[in-house]
file start_9.cif (mmCIF, C-alpha atoms)
data_data
#
loop_
_atom_site.label_atom_id
_atom_site.label_comp_id
_atom_site.auth_asym_id
_atom_site.auth_seq_id
_atom_site.Cartn_x
_atom_site.Cartn_y
_atom_site.Cartn_z
CA MET R 27 20.85 121.78 129.84
CA ILE R 28 22.60 120.13 126.88
CA GLY R 29 23.91 117.39 129.14
CA ALA R 30 20.42 116.73 130.52
CA TYR R 31 19.07 116.55 126.96
CA PHE R 32 21.59 113.91 125.90
CA ARG R 33 21.06 111.89 129.08
CA ALA R 34 17.33 111.82 128.35
CA PHE R 35 18.00 110.97 124.68
CA TRP R 36 20.27 108.01 125.43
CA ARG R 37 17.88 106.74 128.09
CA VAL R 38 15.07 106.56 125.51
CA PHE R 39 17.26 105.28 122.66
CA PHE R 40 18.89 102.48 124.69
CA SER R 41 15.57 100.93 125.68
CA LEU R 42 13.83 97.67 124.83
CA PRO R 43 11.01 99.24 122.74
CA THR R 44 13.53 101.09 120.56
CA PHE R 45 15.66 98.00 119.94
CA LEU R 46 12.60 95.87 119.20
CA ALA R 47 11.30 98.45 116.73
CA LEU R 48 14.71 98.64 115.03
CA ALA R 49 14.93 94.85 114.68
CA ILE R 50 11.31 94.26 113.60
CA MET R 51 11.12 97.09 111.06
CA SER R 52 14.56 96.26 109.59
CA VAL R 53 13.61 92.61 109.07
CA LEU R 54 10.19 93.48 107.59
CA PHE R 55 11.66 95.94 105.09
CA ALA R 56 14.55 93.61 104.23
CA VAL R 57 12.23 90.67 103.52
CA SER R 58 9.60 92.67 101.62
CA GLY R 59 12.16 94.76 99.69
CA PRO R 60 10.11 97.91 98.99
CA PHE R 61 11.05 100.47 96.31
CA GLY R 62 12.74 97.91 94.07
CA THR R 63 15.33 96.83 96.63
CA TYR R 64 14.02 93.23 96.46
CA ASP R 65 15.09 92.90 92.80
CA THR R 66 18.33 94.87 92.97
CA LEU R 67 19.90 93.89 96.31
CA SER R 68 20.65 90.62 98.06
CA LEU R 69 18.99 89.91 101.42
CA PRO R 70 22.08 90.84 103.51
CA LEU R 71 22.47 94.12 101.62
CA ARG R 72 18.75 94.87 101.96
CA PHE R 73 18.95 94.27 105.69
CA ALA R 74 22.01 96.50 106.04
CA LEU R 75 20.33 99.27 104.02
CA TRP R 76 17.04 99.20 105.91
CA PHE R 77 18.74 98.78 109.27
CA ALA R 78 20.68 101.98 108.62
CA LEU R 79 17.62 103.89 107.39
CA VAL R 80 15.43 102.77 110.29
CA ALA R 81 18.19 103.58 112.79
CA VAL R 82 18.59 107.11 111.40
CA SER R 83 14.81 107.62 111.52
CA LEU R 84 14.69 106.46 115.14
CA ILE R 85 17.57 108.72 116.15
CA LEU R 86 15.92 111.76 114.56
CA GLY R 87 12.48 110.87 115.92
CA ILE R 88 13.70 110.30 119.48
CA GLY R 89 15.74 113.52 119.27
CA LEU R 90 12.63 115.47 118.32
CA ARG R 91 10.52 113.81 121.00
CA VAL R 92 13.03 114.48 123.78
CA ALA R 93 13.40 118.10 122.62
CA LEU R 94 9.62 118.55 122.69
CA GLN R 95 9.39 117.22 126.23
CA ARG R 96 12.32 119.34 127.39
CA PHE R 97 10.58 122.51 126.18
CA GLN R 98 7.09 121.29 127.12
CA PRO R 99 7.56 119.24 130.33
CA LYS R 100 3.81 118.70 130.76
CA LEU R 101 3.58 116.96 127.37
CA ALA R 102 2.97 113.24 128.00
CA ASP R 103 4.95 110.50 126.27
CA ILE R 104 2.33 109.39 123.72
CA PRO R 105 1.31 112.90 122.50
CA ALA R 106 5.01 113.81 122.30
CA ALA R 107 5.77 110.66 120.28
CA ILE R 108 2.88 111.27 117.87
CA THR R 109 3.80 114.93 117.39
CA SER R 110 7.47 114.11 116.77
CA SER R 111 6.47 111.38 114.26
CA PHE R 112 4.45 113.84 112.19
CA LEU R 113 7.20 116.48 112.36
CA LEU R 114 9.80 113.92 111.26
CA ALA R 115 7.51 112.61 108.50
CA THR R 116 7.19 116.14 107.11
CA MET R 117 10.94 116.69 107.19
CA MET R 118 11.78 113.32 105.61
CA ALA R 119 9.11 113.71 102.92
CA VAL R 120 10.85 116.86 101.75
CA ILE R 121 14.45 115.63 102.05
CA VAL R 122 14.43 111.92 101.14
CA PRO R 123 12.96 111.84 97.57
CA PRO R 124 15.52 114.21 95.94
CA VAL R 125 18.41 112.64 97.87
CA ALA R 126 17.25 109.13 96.93
CA CYS R 127 16.94 110.16 93.28
CA TRP R 128 20.53 111.39 93.30
CA LEU R 129 21.84 108.25 95.06
CA VAL R 130 19.86 105.67 93.08
CA GLY R 131 20.66 106.94 89.62
CA GLU R 132 20.19 104.12 87.09
CA SER R 133 20.33 101.26 89.59
CA GLY R 134 16.76 100.18 88.95
CA MET R 135 15.49 100.98 92.42
CA MET R 136 12.35 103.08 92.66
CA VAL R 137 12.52 106.53 94.18
CA PRO R 138 9.89 106.87 96.94
CA GLY R 139 7.50 109.79 96.71
CA ALA R 140 6.96 112.31 99.47
CA LEU R 141 3.66 110.70 100.52
CA GLU R 142 5.20 107.22 100.70
CA VAL R 143 8.10 108.46 102.81
CA GLY R 144 5.76 110.31 105.14
CA ILE R 145 3.53 107.26 105.64
CA MET R 146 6.52 104.99 106.34
CA VAL R 147 7.95 107.38 108.94
CA ILE R 148 4.57 107.75 110.66
CA LEU R 149 4.13 103.96 110.73
CA LEU R 150 7.58 103.57 112.24
CA GLY R 151 6.87 106.19 114.90
CA THR R 152 3.50 104.63 115.65
CA GLY R 153 5.09 101.20 116.00
CA VAL R 154 7.68 102.45 118.48
CA THR R 155 4.99 104.27 120.48
CA MET R 156 2.78 101.15 120.64
CA LEU R 157 5.70 98.96 121.71
CA ARG R 158 6.70 101.44 124.40
CA TYR R 159 3.13 101.61 125.69
CA LEU R 160 2.67 97.82 125.72
CA LEU R 161 5.98 97.22 127.48
CA THR R 162 5.71 99.97 130.08
CA ALA R 163 1.96 100.27 130.76
CA ARG R 164 0.93 99.12 134.20
CA PRO R 165 -2.48 97.74 135.10
CA GLU R 166 -4.73 100.13 136.98
CA ALA R 167 -4.60 99.76 140.72
CA HIS R 168 -6.03 101.39 143.80
CA SER R 169 -4.24 104.40 145.21
CA THR R 170 -3.31 102.38 148.30
CA ASP R 171 -1.91 98.89 148.79
CA MET R 172 -3.44 96.12 150.90
CA SER R 173 -2.14 97.71 154.11
CA GLY R 174 -3.74 101.05 153.31
CA ARG R 175 -0.42 102.79 152.62
CA PRO R 176 0.03 104.98 149.51
CA ARG R 177 1.30 102.76 146.67
CA LEU R 178 4.38 104.92 146.23
CA MET R 179 5.71 103.73 149.60
CA ALA R 180 5.79 100.15 148.31
CA ARG R 181 8.37 101.20 145.70
CA LEU R 182 10.83 102.47 148.32
CA PRO R 183 13.70 100.39 149.74
CA GLY R 184 12.91 98.93 153.15
CA ASP R 185 15.38 101.13 155.00
CA ILE R 186 13.96 104.28 153.37
CA ALA R 187 10.25 103.49 153.55
CA GLY R 188 8.57 105.97 155.84
CA ASP R 189 6.41 109.07 155.79
CA ILE R 190 6.95 110.85 152.47
CA LEU R 191 7.97 114.49 152.77
CA HIS R 192 8.89 115.67 149.29
CA LEU R 193 8.84 114.57 145.64
CA SER R 194 10.94 116.20 142.94
CA VAL R 195 11.59 115.34 139.30
CA ASP R 196 14.93 115.01 137.49
CA ASP R 197 14.55 114.02 133.83
CA HIS R 198 12.78 110.63 133.91
CA TYR R 199 13.49 110.06 137.60
CA VAL R 200 11.59 111.07 140.72
CA ASP R 201 13.53 111.80 143.91
CA VAL R 202 11.57 110.81 147.02
CA ALA R 203 12.49 112.26 150.42
CA THR R 204 11.09 110.48 153.48
CA VAL R 205 11.66 110.83 157.20
CA LYS R 206 14.24 108.02 156.91
CA GLY R 207 16.21 109.15 153.86
CA ASN R 208 16.07 109.57 150.09
CA ALA R 209 15.44 107.31 147.12
CA ARG R 210 15.38 107.73 143.34
CA LEU R 211 12.69 106.03 141.26
CA LEU R 212 12.46 105.63 137.48
CA MET R 213 8.90 106.79 136.80
CA ARG R 214 6.85 109.75 135.61
CA PHE R 215 6.30 112.58 138.07
CA SER R 216 2.55 112.56 137.48
CA ASP R 217 2.44 108.83 138.30
CA ALA R 218 4.41 109.40 141.51
CA ILE R 219 1.94 112.08 142.62
CA ASP R 220 -0.98 109.77 141.79
CA GLU R 221 0.60 106.96 143.82
CA ALA R 222 1.07 109.35 146.75
CA ALA R 223 -2.71 109.69 146.99
CA GLY R 224 -3.78 109.40 150.59
CA ILE R 225 -1.08 111.78 151.78
CA ASP R 226 -2.26 115.33 152.40
CA GLY R 227 0.06 117.20 150.08
CA LEU R 228 0.25 119.88 147.44
CA ARG R 229 2.13 120.64 144.28
CA VAL R 230 4.11 123.87 144.60
CA HIS R 231 6.08 123.76 141.34
CA ARG R 232 5.97 121.78 138.11
CA SER R 233 8.91 119.79 139.50
CA HIS R 234 8.03 119.66 143.22
CA TRP R 235 5.33 118.16 145.47
CA VAL R 236 5.39 118.40 149.26
CA ALA R 237 3.46 116.78 152.08
CA ARG R 238 1.52 119.37 154.05
CA LEU R 239 2.72 118.01 157.41
CA ALA R 240 6.34 118.38 156.22
CA ILE R 241 5.96 122.15 155.71
CA GLU R 242 7.54 124.20 158.47
CA ARG R 243 6.95 127.64 156.98
CA VAL R 244 6.77 129.71 153.80
CA GLU R 245 9.64 132.10 153.09
CA ARG R 246 9.37 135.10 150.77
CA LYS R 247 12.53 136.92 149.71
CA ALA R 248 13.30 139.25 146.81
CA GLY R 249 10.02 138.49 145.12
CA ARG R 250 10.53 134.73 145.31
CA THR R 251 8.62 132.22 147.43
CA PHE R 252 9.99 129.06 149.03
CA VAL R 253 8.56 126.33 151.24
CA ILE R 254 10.87 125.30 154.07
CA LEU R 255 10.42 121.66 155.09
CA THR R 256 10.98 120.06 158.48
CA ASN R 257 14.11 118.31 157.12
CA GLY R 258 15.60 121.68 156.12
CA THR R 259 14.91 121.40 152.39
CA LYS R 260 14.13 124.68 150.66
CA VAL R 261 11.59 124.07 147.89
CA PRO R 262 10.79 126.79 145.31
CA VAL R 263 7.16 127.80 144.73
CA SER R 264 6.39 128.87 141.16
CA ARG R 265 3.96 131.66 140.31
CA ALA R 266 1.41 129.19 138.98
CA TYR R 267 1.16 127.57 142.43
CA GLN R 268 1.26 130.66 144.68
CA ASP R 269 -2.39 130.22 145.66
CA ALA R 270 -1.62 126.76 147.07
CA VAL R 271 0.58 128.21 149.83
CA GLU R 272 -1.45 131.29 150.71
CA ASP R 273 -2.92 129.70 153.84
CA LEU R 274 0.43 128.43 155.15
CA PRO R 275 2.39 130.15 157.96
CA THR R 276 5.14 132.51 156.84
CA ASP R 277 8.41 133.49 158.49
#
call {"tool": "encode", "arguments": {"input": "start_9.cif", "output": "structure tokens"}}
result
Amino acid sequence: MIGAYFRAFWRVFFSLPTFLALAIMSVLFAVSGPFGTYDTLSLPLRFALWFALVAVSLILGIGLRVALQRFQPKLADIPAAITSSFLLATMMAVIVPPVACWLVGESGMMVPGALEVGIMVILLGTGVTMLRYLLTARPEAHSTDMSGRPRLMARLPGDIAGDILHLSVDDHYVDVATVKGNARLLMRFSDAIDEAAGIDGLRVHRSHWVARLAIERVERKAGRTFVILTNGTKVPVSRAYQDAVEDLPTD
């Protein structure tokens, strides 16, 4: 679980929106020189200071966001980012002013108040969220492509493209099983299910979707329920989705 958390964290941190936010916010703060840094520090020192502060804020904010989505998998990216920004703003508003007062001493730099720190952190989080949305948002499209196939099939490699049997999620990836093989796509699970529209299928778990024609039987053992697919895959059925498999044949 810890390994999966850090994989998700690094995937978000080493992304274009994060690097853009780090560069843009560092330059803006270095040039404007808030809290007396313009009068007391040279431009290179201001940039180094704000680069470090923005980087720490991003690390903490991304850490909170990934943790939220690990514990609440159904929480979408934007709500998770907004929630983590407000949580981080609250934490930093309490911690930063006294620490800054101790570090600044008689240097002439102003000590930011709790409200100022909170607003800056929220603005930073909002900026990262907007950049991520602008860079990753896709235009709306029909559920099928020009040939009438589900759009998800167009994402698959040519040698794998075929009737889709099973979708499963692993962190930010979706594993797609077809009659010809398997592929891994970097996308949200909810988007993959939307793009599979046109295929008669059902969700049997928060991490699994199966095509109805791929279901061979339902297996119940020791109080647990599984869907057995035609390719031999054994897919768990969670309690929340038991009703979806009630009408399917059992072993």
call {"tool": "residues_around", "arguments": {"input": "start_9.cif", "residues": "segment 231-244 of chain R", "least_positions_apart": "2", "cutoff": "7 Å", "atoms": "only C-alpha atoms", "output": "compact mmCIF listing (two decimals) with C-alpha atoms, in the coordinates of the input"}}
result
# COMPACT_ATOMS: atom_id res chain seq x y z
CA ILE R 190 6.95 110.85 152.47
CA LEU R 191 7.97 114.49 152.77
CA HIS R 192 8.89 115.67 149.29
CA LEU R 193 8.84 114.57 145.64
CA SER R 194 10.94 116.20 142.94
CA VAL R 195 11.59 115.34 139.30
CA ILE R 225 -1.08 111.78 151.78
CA ASP R 226 -2.26 115.33 152.40
CA GLY R 227 0.06 117.20 150.08
CA LEU R 228 0.25 119.88 147.44
CA ARG R 229 2.13 120.64 144.28
CA ARG R 246 9.37 135.10 150.77
CA PHE R 252 9.99 129.06 149.03
CA VAL R 253 8.56 126.33 151.24
CA ILE R 254 10.87 125.30 154.07
CA LEU R 255 10.42 121.66 155.09
CA THR R 256 10.98 120.06 158.48
CA PRO R 262 10.79 126.79 145.31
CA VAL R 263 7.16 127.80 144.73
CA SER R 264 6.39 128.87 141.16
CA TYR R 267 1.16 127.57 142.43
CA LEU R 274 0.43 128.43 155.15
CA PRO R 275 2.39 130.15 157.96
CA THR R 276 5.14 132.51 156.84
CA ASP R 277 8.41 133.49 158.49
call {"tool": "atom_distance", "arguments": {"input": "start_9.cif", "atom1": "atom CA of Ala34 of chain R", "atom2": "atom CA of Glu221 of chain R"}}
result
23.3 Å
call {"tool": "atom_distance", "arguments": {"input": "start_9.cif", "atom1": "atom CA of Gly89 of chain R", "atom2": "atom CA of Ser52 of chain R"}}
result
19.8 Å
call {"tool": "residues_around", "arguments": {"input": "start_9.cif", "residues": "Thr204 of chain R", "least_positions_apart": "2", "cutoff": "7 Å", "atoms": "all atoms listed in the file", "output": "CSV table (one decimal) with C-alpha atoms, keeping the file's coordinate frame"}}
result
chain,number,residue,atom,x,y,z
R,186,ILE,CA,14.0,104.3,153.4
R,188,GLY,CA,8.6,106.0,155.8
R,189,ASP,CA,6.4,109.1,155.8
R,190,ILE,CA,7.0,110.8,152.5
R,191,LEU,CA,8.0,114.5,152.8
R,202,VAL,CA,11.6,110.8,147.0
R,206,LYS,CA,14.2,108.0,156.9
R,207,GLY,CA,16.2,109.2,153.9
R,208,ASN,CA,16.1,109.6,150.1
call {"tool": "resolve_selection", "arguments": {"input": "start_9.cif", "expression": "the PyMOL selection byres ((chain R and resi 138) around 12)", "output": "list in words"}}
result
Pro60, Phe61, Gly62, Thr63, Met118, Ala119, Val120, Ile121, Val122, Pro123, Pro124, Val125, Ala126, Cys127, Val130, Met135, Met136, Val137, Gly139, Ala140, Leu141, Glu142, Val143, Gly144, Ile145 and Met146 of chain R
call {"tool": "atom_distance", "arguments": {"input": "start_9.cif", "atom1": "atom CA of Met51 of chain R", "atom2": "atom CA of Ile148 of chain R"}}
result
12.5 Å
